[in-house]
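Visitor: Coordinates in entry-v5.txt, compact mmCIF, C-alpha atoms and all ligand atoms, are listed below.
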```
# COMPACT_ATOMS: atom_id res chain seq x y z
CA MET A 1 0.00 0.00 0.00
CA THR A 2 1.09 3.57 -0.64
CA ASP A 3 -0.45 6.97 -0.04
CA LYS A 4 1.48 8.62 -2.85
CA VAL A 5 -0.11 10.49 -5.71
CA ILE A 6 -0.54 8.89 -9.13
CA ILE A 7 -1.35 10.91 -12.23
CA ILE A 8 -3.22 9.03 -14.95
CA THR A 9 -3.75 10.95 -18.18
CA GLY A 10 -6.93 9.88 -19.92
CA GLY A 11 -8.17 8.45 -16.63
CA SER A 12 -11.82 9.10 -17.41
CA ARG A 13 -12.51 6.10 -19.65
CA GLY A 14 -11.21 2.74 -20.85
CA ILE A 15 -7.76 1.60 -19.74
CA GLY A 16 -7.13 4.81 -17.76
CA ARG A 17 -10.37 4.40 -15.82
CA ALA A 18 -9.59 0.78 -14.92
CA THR A 19 -6.09 1.82 -13.85
CA ALA A 20 -7.47 4.64 -11.68
CA LEU A 21 -9.80 2.24 -9.85
CA ALA A 22 -7.04 -0.35 -9.37
CA ALA A 23 -4.52 2.26 -8.16
CA ALA A 24 -7.01 3.63 -5.64
CA GLY A 25 -7.41 0.08 -4.35
CA ARG A 26 -3.65 0.04 -3.62
CA GLY A 27 -3.97 3.28 -1.64
CA TYR A 28 -2.81 5.76 -4.27
CA ARG A 29 -4.30 9.25 -4.25
CA VAL A 30 -5.45 9.41 -7.86
CA VAL A 31 -5.29 12.43 -10.17
CA ILE A 32 -7.48 11.72 -13.18
CA GLY A 33 -6.68 13.71 -16.28
CA TYR A 34 -9.40 13.99 -18.90
CA ALA A 35 -9.56 15.74 -22.27
CA SER A 36 -13.21 16.79 -22.46
CA ASN A 37 -15.49 14.22 -20.81
CA LYS A 38 -15.89 15.79 -17.36
CA ALA A 39 -18.92 13.63 -16.53
CA ALA A 40 -16.94 10.43 -17.09
CA ALA A 41 -14.02 11.73 -15.01
CA ASP A 42 -16.36 12.79 -12.20
CA GLU A 43 -17.91 9.30 -12.24
CA VAL A 44 -14.46 7.73 -11.71
CA VAL A 45 -13.79 10.11 -8.80
CA ALA A 46 -17.15 9.20 -7.27
CA ALA A 47 -16.48 5.45 -7.67
CA ILE A 48 -13.13 5.84 -5.89
CA GLU A 49 -14.58 7.99 -3.11
CA ALA A 50 -17.40 5.48 -2.62
CA LYS A 51 -14.71 3.01 -1.54
CA ASN A 52 -13.07 5.58 0.75
CA GLY A 53 -10.30 6.35 -1.75
CA LYS A 54 -9.00 9.79 -2.69
CA ALA A 55 -9.25 11.19 -6.21
CA ILE A 56 -9.59 14.43 -8.14
CA ALA A 57 -10.34 15.09 -11.81
CA VAL A 58 -8.41 17.71 -13.77
CA LYS A 59 -9.06 18.76 -17.36
CA CYS A 60 -5.87 18.22 -19.36
CA ASP A 61 -5.33 17.95 -23.08
CA VAL A 62 -1.80 16.59 -22.91
CA ALA A 63 -0.91 18.25 -26.22
CA GLU A 64 -1.29 21.64 -24.50
CA GLU A 65 1.73 22.47 -22.34
CA SER A 66 -0.31 24.86 -20.17
CA ASP A 67 -2.81 22.06 -19.42
CA VAL A 68 0.04 19.71 -18.47
CA LEU A 69 1.47 22.31 -16.09
CA SER A 70 -1.98 22.77 -14.49
CA LEU A 71 -2.39 19.01 -14.10
CA PHE A 72 0.91 18.68 -12.26
CA ALA A 73 0.23 21.78 -10.16
CA ALA A 74 -3.06 20.21 -9.02
CA ALA A 75 -1.21 16.98 -8.21
CA ASP A 76 1.35 18.94 -6.15
CA GLU A 77 -1.51 20.24 -3.99
CA PHE A 78 -2.78 16.68 -3.52
CA GLY A 79 0.43 15.08 -2.17
CA THR A 80 3.80 13.64 -3.19
CA LEU A 81 3.93 12.32 -6.74
CA GLY A 82 4.95 8.66 -6.91
CA ALA A 83 3.73 7.54 -10.33
CA LEU A 84 2.66 8.74 -13.77
CA VAL A 85 0.72 6.70 -16.29
CA ASN A 86 0.98 8.24 -19.75
CA ASN A 87 -2.26 6.74 -20.99
CA GLY A 88 -4.25 9.48 -22.76
CA GLY A 89 -4.15 8.77 -26.48
CA ILE A 90 -6.05 9.04 -29.75
CA VAL A 91 -6.40 7.41 -33.14
CA GLY A 92 -7.36 9.12 -36.37
CA LYS A 93 -10.08 7.66 -38.57
CA SER A 94 -9.42 3.98 -39.24
CA GLY A 95 -8.83 2.80 -42.82
CA VAL A 96 -7.05 5.92 -44.07
CA ARG A 97 -3.85 5.21 -46.03
CA VAL A 98 -0.75 7.37 -45.59
CA ASP A 99 -1.21 8.79 -49.11
CA GLU A 100 -4.61 10.11 -47.99
CA MET A 101 -3.66 11.58 -44.60
CA SER A 102 -3.92 15.30 -43.86
CA ALA A 103 -1.05 17.08 -42.15
CA GLU A 104 -3.49 18.20 -39.42
CA ARG A 105 -4.41 14.61 -38.59
CA ILE A 106 -0.78 13.44 -38.42
CA GLN A 107 0.24 16.43 -36.31
CA ARG A 108 -2.62 15.93 -33.85
CA VAL A 109 -1.88 12.22 -33.36
CA MET A 110 1.80 12.99 -32.76
CA ALA A 111 1.03 15.97 -30.50
CA VAL A 112 -1.26 13.97 -28.21
CA ASN A 113 0.40 10.55 -28.24
CA VAL A 114 4.07 11.57 -28.40
CA THR A 115 4.59 15.20 -27.37
CA GLY A 116 1.96 14.91 -24.63
CA SER A 117 3.62 11.85 -23.11
CA ILE A 118 7.06 13.46 -23.19
CA LEU A 119 5.78 16.70 -21.63
CA CYS A 120 4.10 14.77 -18.79
CA ALA A 121 7.23 12.67 -18.24
CA ARG A 122 9.32 15.86 -18.09
CA GLU A 123 7.13 17.24 -15.30
CA ALA A 124 7.18 13.90 -13.46
CA VAL A 125 10.98 13.65 -13.61
CA LYS A 126 11.32 17.20 -12.25
CA ARG A 127 9.35 16.08 -9.19
CA MET A 128 10.50 12.48 -8.70
CA SER A 129 14.20 12.50 -9.61
CA THR A 130 16.63 12.36 -6.71
CA LYS A 131 18.73 14.75 -8.82
CA HIS A 132 16.01 17.34 -8.21
CA GLY A 133 15.51 16.45 -4.54
CA GLY A 134 12.67 14.00 -5.23
CA LYS A 135 12.06 10.58 -3.70
CA GLY A 136 11.90 8.52 -6.91
CA GLY A 137 8.92 7.01 -8.67
CA VAL A 138 7.63 5.14 -11.69
CA ILE A 139 6.56 6.23 -15.16
CA ILE A 140 4.45 3.85 -17.23
CA ASN A 141 3.90 4.70 -20.90
CA ILE A 142 1.02 3.12 -22.80
CA SER A 143 2.28 2.07 -26.19
CA SER A 144 0.46 -0.38 -28.47
CA ALA A 145 1.01 -3.67 -30.29
CA ALA A 146 0.58 -1.38 -33.32
CA ALA A 147 4.16 -0.21 -32.71
CA ARG A 148 5.32 -3.71 -33.73
CA LEU A 149 2.64 -4.46 -36.33
CA GLY A 150 2.60 -1.11 -38.19
CA SER A 151 -1.20 -0.97 -38.76
CA ALA A 152 -1.04 -0.88 -42.58
CA ASN A 153 -4.28 0.34 -44.18
CA THR A 154 -5.66 1.16 -40.72
CA TYR A 155 -3.70 3.99 -39.04
CA VAL A 156 0.02 3.94 -39.72
CA ASP A 157 0.41 7.39 -38.13
CA TYR A 158 -0.90 6.00 -34.83
CA ALA A 159 1.42 2.97 -35.03
CA ALA A 160 4.37 5.29 -35.65
CA SER A 161 3.40 7.43 -32.65
CA LYS A 162 3.51 4.32 -30.47
CA GLY A 163 6.86 3.31 -31.97
CA ALA A 164 8.12 6.67 -30.70
CA ILE A 165 6.76 5.82 -27.25
CA ASP A 166 8.77 2.58 -27.25
CA SER A 167 12.01 4.45 -28.06
CA PHE A 168 11.17 7.11 -25.51
CA THR A 169 10.65 4.45 -22.83
CA VAL A 170 14.08 2.94 -23.42
CA GLY A 171 15.86 6.29 -23.60
CA LEU A 172 14.20 7.91 -20.60
CA GLY A 173 14.53 4.68 -18.63
CA HIS A 174 18.29 4.75 -19.11
CA GLU A 175 18.50 8.51 -18.49
CA VAL A 176 16.89 8.43 -15.03
CA ALA A 177 17.80 4.90 -13.90
CA GLY A 178 20.33 6.30 -11.40
CA GLU A 179 17.83 8.85 -10.05
CA GLY A 180 15.27 6.55 -8.41
CA ILE A 181 12.87 6.48 -11.34
CA ARG A 182 11.84 3.36 -13.25
CA VAL A 183 10.28 3.75 -16.70
CA ALA A 184 8.40 1.01 -18.53
CA ALA A 185 5.83 0.66 -21.29
CA ILE A 186 2.97 -1.68 -22.00
CA ARG A 187 1.91 -2.61 -25.49
CA PRO A 188 -1.80 -3.51 -25.22
CA GLY A 189 -3.28 -5.60 -28.00
CA LEU A 190 -6.97 -5.45 -28.93
CA ILE A 191 -8.69 -4.11 -25.83
CA ASP A 192 -12.43 -3.65 -25.50
CA THR A 193 -12.74 0.15 -25.09
CA GLU A 194 -14.35 3.09 -26.90
CA ILE A 195 -11.15 3.99 -28.80
CA HIS A 196 -12.26 1.78 -31.71
CA ALA A 197 -15.50 3.73 -32.05
CA ALA A 198 -13.46 6.93 -32.00
CA GLY A 199 -11.61 5.55 -35.06
CA GLY A 200 -14.97 4.99 -36.76
CA GLU A 201 -15.10 1.20 -36.25
CA PRO A 202 -16.76 0.28 -32.91
CA ASP A 203 -16.57 -3.45 -33.69
CA ARG A 204 -12.89 -3.49 -34.67
CA ALA A 205 -11.54 -5.33 -31.63
CA HIS A 206 -14.15 -8.09 -31.81
CA ARG A 207 -13.82 -8.43 -35.60
CA LEU A 208 -10.07 -9.00 -35.31
CA ALA A 209 -10.20 -11.21 -32.20
CA PRO A 210 -9.90 -14.48 -34.22
CA MET A 211 -6.40 -13.32 -35.33
CA VAL A 212 -5.22 -13.22 -31.72
CA PRO A 213 -3.61 -16.49 -30.55
CA MET A 214 -5.81 -16.39 -27.43
CA LYS A 215 -8.85 -15.85 -29.73
CA ARG A 216 -10.35 -13.03 -27.69
CA VAL A 217 -10.09 -9.32 -26.98
CA GLY A 218 -8.51 -8.14 -23.76
CA THR A 219 -10.16 -6.11 -21.03
CA ALA A 220 -9.11 -2.74 -19.64
CA GLU A 221 -8.70 -4.47 -16.27
CA GLU A 222 -6.12 -6.87 -17.74
CA ILE A 223 -4.03 -3.88 -18.84
CA ALA A 224 -4.54 -2.15 -15.48
CA ASN A 225 -3.28 -5.26 -13.68
CA ALA A 226 -0.07 -5.22 -15.72
CA ILE A 227 0.39 -1.48 -15.09
CA LEU A 228 -0.06 -1.97 -11.34
CA TRP A 229 2.49 -4.80 -11.34
CA LEU A 230 5.05 -2.69 -13.23
CA MET A 231 4.48 0.11 -10.71
CA SER A 232 4.92 -2.18 -7.72
CA ASP A 233 8.08 -3.14 -5.87
CA GLU A 234 7.67 -6.61 -7.37
CA ALA A 235 9.03 -5.02 -10.58
CA SER A 236 11.89 -3.26 -8.78
CA TYR A 237 14.55 -4.38 -11.32
CA VAL A 238 12.44 -3.50 -14.40
CA THR A 239 13.28 -0.34 -16.29
CA GLY A 240 13.53 0.69 -19.94
CA ALA A 241 11.36 -2.37 -20.63
CA ILE A 242 8.33 -2.89 -22.86
CA LEU A 243 5.74 -5.51 -21.95
CA ASP A 244 3.31 -6.97 -24.51
CA VAL A 245 -0.14 -7.56 -23.00
CA SER A 246 -1.86 -8.67 -26.16
CA GLY A 247 -3.02 -12.27 -26.00
CA GLY A 248 0.02 -13.35 -27.98
CA ARG A 249 -0.26 -11.05 -31.02
P1 LIG B 1 -10.50 5.39 -24.77
O1 LIG B 1 -11.45 4.43 -24.15
O2 LIG B 1 -10.85 6.03 -26.07
O3 LIG B 1 -10.12 6.50 -23.70
C1 LIG B 1 -9.23 7.50 -24.07
C2 LIG B 1 -8.87 8.33 -22.87
O4 LIG B 1 -7.88 9.29 -23.30
C3 LIG B 1 -10.05 9.13 -22.35
O5 LIG B 1 -9.92 9.22 -20.96
C4 LIG B 1 -9.87 10.48 -23.01
O6 LIG B 1 -10.43 11.56 -22.26
C5 LIG B 1 -8.37 10.59 -23.04
N1 LIG B 1 -7.86 11.52 -24.05
C6 LIG B 1 -8.24 11.67 -25.33
N2 LIG B 1 -7.58 12.68 -25.93
C7 LIG B 1 -6.75 13.18 -24.97
C8 LIG B 1 -5.85 14.27 -24.93
N3 LIG B 1 -5.66 15.06 -26.00
N4 LIG B 1 -5.20 14.53 -23.78
C9 LIG B 1 -5.41 13.75 -22.68
N5 LIG B 1 -6.25 12.72 -22.64
C10 LIG B 1 -6.93 12.44 -23.78
O7 LIG B 1 -9.08 4.70 -25.05
P2 LIG B 1 -8.32 3.42 -24.43
O8 LIG B 1 -8.55 2.29 -25.34
O9 LIG B 1 -8.59 3.29 -23.00
O10 LIG B 1 -6.81 3.89 -24.68
C11 LIG B 1 -5.94 4.28 -23.65
C12 LIG B 1 -4.52 4.14 -24.17
O11 LIG B 1 -4.28 2.78 -24.55
C13 LIG B 1 -4.22 4.98 -25.41
O12 LIG B 1 -2.92 5.52 -25.33
C14 LIG B 1 -4.30 3.98 -26.54
O13 LIG B 1 -3.52 4.35 -27.65
C15 LIG B 1 -3.76 2.74 -25.86
N6 LIG B 1 -4.12 1.48 -26.50
C16 LIG B 1 -5.41 1.06 -26.57
C17 LIG B 1 -5.71 -0.14 -27.21
C18 LIG B 1 -7.10 -0.67 -27.35
O14 LIG B 1 -7.32 -1.63 -28.10
N7 LIG B 1 -8.09 -0.09 -26.67
C19 LIG B 1 -4.67 -0.90 -27.76
C20 LIG B 1 -3.38 -0.45 -27.67
C21 LIG B 1 -3.10 0.74 -27.03
P3 LIG B 1 -12.00 11.98 -22.43
O15 LIG B 1 -12.79 10.94 -21.68
O16 LIG B 1 -12.08 13.33 -21.78
O17 LIG B 1 -12.29 11.99 -23.88
```
So, in terms of structure tokens, how does the structure I just supplied come out?
Guide:
Amino acid sequence: MTDKVIIITGGSRGIGRATALAAAGRGYRVVIGYASNKAAADEVVAAIEAKNGKAIAVKCDVAEESDVLSLFAAADEFGTLGALVNNGGIVGKSGVRVDEMSAERIQRVMAVNVTGSILCAREAVKRMSTKHGGKGGVIINISSAAARLGSANTYVDYAASKGAIDSFTVGLGHEVAGEGIRVAAIRPGLIDTEIHAAGGEPDRAHRLAPMVPMKRVGTAEEIANAILWLMSDEASYVTGAILDVSGGR
């Protein structure tokens, strides 16, 4: 158990929501970042408080530096930061080839998925690194199996953004390994959340499930469990590592 603060970007729905509930169960004081869905974020706070946990919701589009600074300032008021989960992420419309992609779409995917994660990690390192007087901590980046598979004819820009997250995880992990901070990433496979509907194909995960060696989609809770393990002392020698949680694909 811990009473440290955890920041979860995109904590209002899907994998972030499941992670928020699981982290509260381990005693974390949970800061839930959300992009626009305040009602969903408030519902997660209420669910945590109903079990005597502590949580707050803060609006934060991670692509906006000023929002990231506000998110971390709110967390500072809440307690000592011990963990960051870089989870907030987006896909563009599914089924768009690279030769059809607008610059605006590519830039937005990169700004949210890559720049946003790096900005949040920067603020976390400033607070957690022993080099800056901090007490250490853990940063978990949410990548995707798409980083390995490439997502041809689906959303190659998204896959490339997650490839960047993998490289970032290795590099940052090495950079702060001597400063009390562990950094790891998870590559979820096909997980049953609303992100597929956001890409225009609500049924995508279930349609592709037969291609997964385990022949099923994964749940947000299965990703949350892996995140919580990576954050725990049981993973004390894990850093710069990327874990596939994808049913074998
Ligand atoms: P989801 O159900 O669509 O939820 C997305 C979450 O991200 C929401 O909380 C949303 O906030 C937030 N968000 C959206 N844009 C944001 C922004 N600009 N800044 C900050 N937060 C933002 O998605 P999910 O499936 O749980 O995905 C979570 C992470 O897992 C993403 O990084 C995704 O790429 C990754 N992933 C998912 C799958 C999968 O199959 N589901 C597979 C591999 C990787 P609002 O509620 O305010 O909109």
Visitor: Please, which residues in chain A fall within 7 Å of ligand LIG 1 (chain B) when counting all atoms listed in the file, and what is the closest atom pair and distance in Å to one decimal for each, ordered by chain then residue number, as a Markdown table?
Guide:
```
| residue | atom | partner | partner_atom | distance |
| --- | --- | --- | --- | --- |
| A:Thr9 | CA | B:LIG1 | N5 | 5.4 |
| A:Gly10 | CA | B:LIG1 | O5 | 3.2 |
| A:Gly11 | CA | B:LIG1 | O5 | 4.7 |
| A:Ser12 | CA | B:LIG1 | O5 | 4.0 |
| A:Arg13 | CA | B:LIG1 | O5 | 4.3 |
| A:Gly14 | CA | B:LIG1 | O9 | 3.4 |
| A:Ile15 | CA | B:LIG1 | O9 | 3.8 |
| A:Gly16 | CA | B:LIG1 | O9 | 5.6 |
| A:Gly33 | CA | B:LIG1 | N5 | 6.5 |
| A:Tyr34 | CA | B:LIG1 | O16 | 4.0 |
| A:Ala35 | CA | B:LIG1 | O16 | 3.5 |
| A:Ser36 | CA | B:LIG1 | O16 | 3.7 |
| A:Asn37 | CA | B:LIG1 | O16 | 3.7 |
| A:Lys38 | CA | B:LIG1 | O16 | 6.3 |
| A:Ala40 | CA | B:LIG1 | O15 | 6.2 |
| A:Ala41 | CA | B:LIG1 | O15 | 6.8 |
| A:Cys60 | CA | B:LIG1 | C9 | 5.6 |
| A:Asp61 | CA | B:LIG1 | N4 | 3.5 |
| A:Val62 | CA | B:LIG1 | N4 | 4.1 |
| A:Ala63 | CA | B:LIG1 | N3 | 5.7 |
| A:Asn87 | CA | B:LIG1 | O12 | 4.6 |
| A:Gly88 | CA | B:LIG1 | O4 | 3.7 |
| A:Gly89 | CA | B:LIG1 | O12 | 3.7 |
| A:Ile90 | CA | B:LIG1 | N2 | 5.5 |
| A:Val91 | CA | B:LIG1 | O13 | 6.9 |
| A:Val112 | CA | B:LIG1 | N3 | 5.0 |
| A:Asn113 | CA | B:LIG1 | O12 | 6.7 |
| A:Ile142 | CA | B:LIG1 | O12 | 5.3 |
| A:Ser143 | CA | B:LIG1 | C21 | 5.6 |
| A:Ser144 | CA | B:LIG1 | C20 | 3.9 |
| A:Ala145 | CA | B:LIG1 | C20 | 6.0 |
| A:Ala146 | CA | B:LIG1 | C20 | 7.0 |
| A:Arg187 | CA | B:LIG1 | C20 | 6.1 |
| A:Pro188 | CA | B:LIG1 | C20 | 4.2 |
| A:Gly189 | CA | B:LIG1 | C19 | 4.9 |
| A:Leu190 | CA | B:LIG1 | O14 | 3.9 |
| A:Ile191 | CA | B:LIG1 | O14 | 3.6 |
| A:Asp192 | CA | B:LIG1 | N7 | 5.7 |
| A:Thr193 | CA | B:LIG1 | O1 | 4.6 |
| A:Glu194 | CA | B:LIG1 | O1 | 4.2 |
| A:Ile195 | CA | B:LIG1 | O2 | 3.4 |
| A:His196 | CA | B:LIG1 | N7 | 6.8 |
| A:Ala198 | CA | B:LIG1 | O2 | 6.5 |
| A:Ala205 | CA | B:LIG1 | O14 | 6.6 |
| A:Ala220 | CA | B:LIG1 | O9 | 6.9 |
```
Visitor: Could you work out how far CA of Val5 (chain A) lies from CA of Ala57 (chain A), giving the answer in Å with one decimal?
Guide: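 One can read the CA of Ala57 (chain A) to CA of Val5 (chain A) distance as 12.8 Å.
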Visitor: With all atoms listed in the file as the basis for distance, which of A:Pro210, A:Gly92, A:Gly247, A:Gly171 is at the shortest distance from Ile223 (chain A)?
Guide: A:Gly247
Visitor: Could you tell me which of A:Ala47, A:Ala241, A:Ala55, A:Leu228 comes closest to Met1 (chain A) if we count only C-alpha atoms?
Guide: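 Among the listed residues, A:Leu228 lies closest to Met1 (chain A).
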Visitor: Just the residues within 9 Å of Ala83 (chain A), please, counting only C-alpha atoms, with nothing from its chain fewer than 2 positions along; format it as a list in words.
Guide: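 The contact residues come out as Lys4, Val5, Ile6, Ile7, Ile8, Leu81, Val85, Ala124, Met128, Gly136, Gly137, Val138, Ile139, Ile140 and Met231 of chain A.
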Visitor: Which is closest to Leu230 (chain A) among A:Arg29, A:Arg182, A:Arg216, A:Lys126, if we use only C-alpha atoms?
Guide: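 Closest residue, counting only C-alpha atoms: A:Arg182.
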Visitor: For CA of Gly218 (chain A) and CA of Leu172 (chain A), quote the distance in Å rounded to one decimal.
Guide: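 For CA of Gly218 (chain A) relative to CA of Leu172 (chain A), the distance reads 28.0 Å.
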Visitor: In Å to one decimal, how far is CA of Asn141 (chain A) from CA of Val125 (chain A)?
Guide: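 Computed distance, CA of Val125 (chain A) to CA of Asn141 (chain A), equals 13.5 Å.
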Visitor: Which residue out of A:Leu149, A:Val44, A:Ala164, A:Val30 has the minimum interatomic distance to Ala74 (chain A) when only C-alpha atoms are used?
Guide: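 Ranking A:Leu149, A:Val44, A:Ala164, A:Val30 by distance to Ala74 (chain A), first place goes to A:Val30.
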Visitor: Return the padded bounding box of region 53-58 of chain A as JSON: axis-aligned, built from all atoms listed in the file, 4 Å added on each side, with centre and edge lengths in Å to one decimal.
Guide:
```
{"center_x": -9.4, "center_y": 12.0, "center_z": -7.8, "size_x": 9.9, "size_y": 19.4, "size_z": 20.0}
```
Visitor: Smallest atom-to-atom distance to Ser117 (chain A): which of A:Ala197, A:Ala75, A:Ala177, A:Ile165, using all atoms listed in the file?
Guide: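 Ranked by minimum distance to Ser117 (chain A), first place goes to A:Ile165.
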Visitor: Quick one: of A:Ala46, A:Val156, A:Ala73, A:Ala39, who's nearest to Val96 (chain A), counting only C-alpha atoms?
Guide: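 Checking each candidate against Val96 (chain A), we get A:Val156 as the closest.
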Visitor: What's the 8 Å shell around Leu119 (chain A), counting all atoms listed in the file, without same-chain residues fewer than 2 positions away, as number ranges by chain?
Guide: A: 62, 65, 68, 115-117, 121-123
Visitor: Just C-alpha atoms for this one: save the residues we selected as an mmCIF file, in the frame of the given file.
Guide:
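Ended up saving to result_13.cif:
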```
data_model
loop_
_atom_site.group_PDB
_atom_site.id
_atom_site.type_symbol
_atom_site.label_atom_id
_atom_site.label_comp_id
_atom_site.auth_asym_id
_atom_site.auth_seq_id
_atom_site.Cartn_x
_atom_site.Cartn_y
_atom_site.Cartn_z
ATOM 1 C CA VAL A 62 -1.800 16.590 -22.910
ATOM 2 C CA GLU A 65 1.730 22.470 -22.340
ATOM 3 C CA VAL A 68 0.040 19.710 -18.470
ATOM 4 C CA THR A 115 4.590 15.200 -27.370
ATOM 5 C CA GLY A 116 1.960 14.910 -24.630
ATOM 6 C CA SER A 117 3.620 11.850 -23.110
ATOM 7 C CA ALA A 121 7.230 12.670 -18.240
ATOM 8 C CA ARG A 122 9.320 15.860 -18.090
ATOM 9 C CA GLU A 123 7.130 17.240 -15.300
#
```
Visitor: Might you pull out every residue within 8 Å of Asp166 (chain A), with only C-alpha atoms counted and same-chain residues fewer than 2 positions away left off, and present them as a list in words?
Guide: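 The filter keeps Ser143, Ala147, Lys162, Gly163, Ala164, Phe168, Thr169, Val170, Ala185 and Ile242 of chain A.
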Visitor: Ala224 (chain A): which residues within 9 Å, counting only C-alpha atoms, same-chain residues fewer than 3 positions away excluded, as a ChimeraX atom specification?
Guide: /A:15-23,219-221,227-229
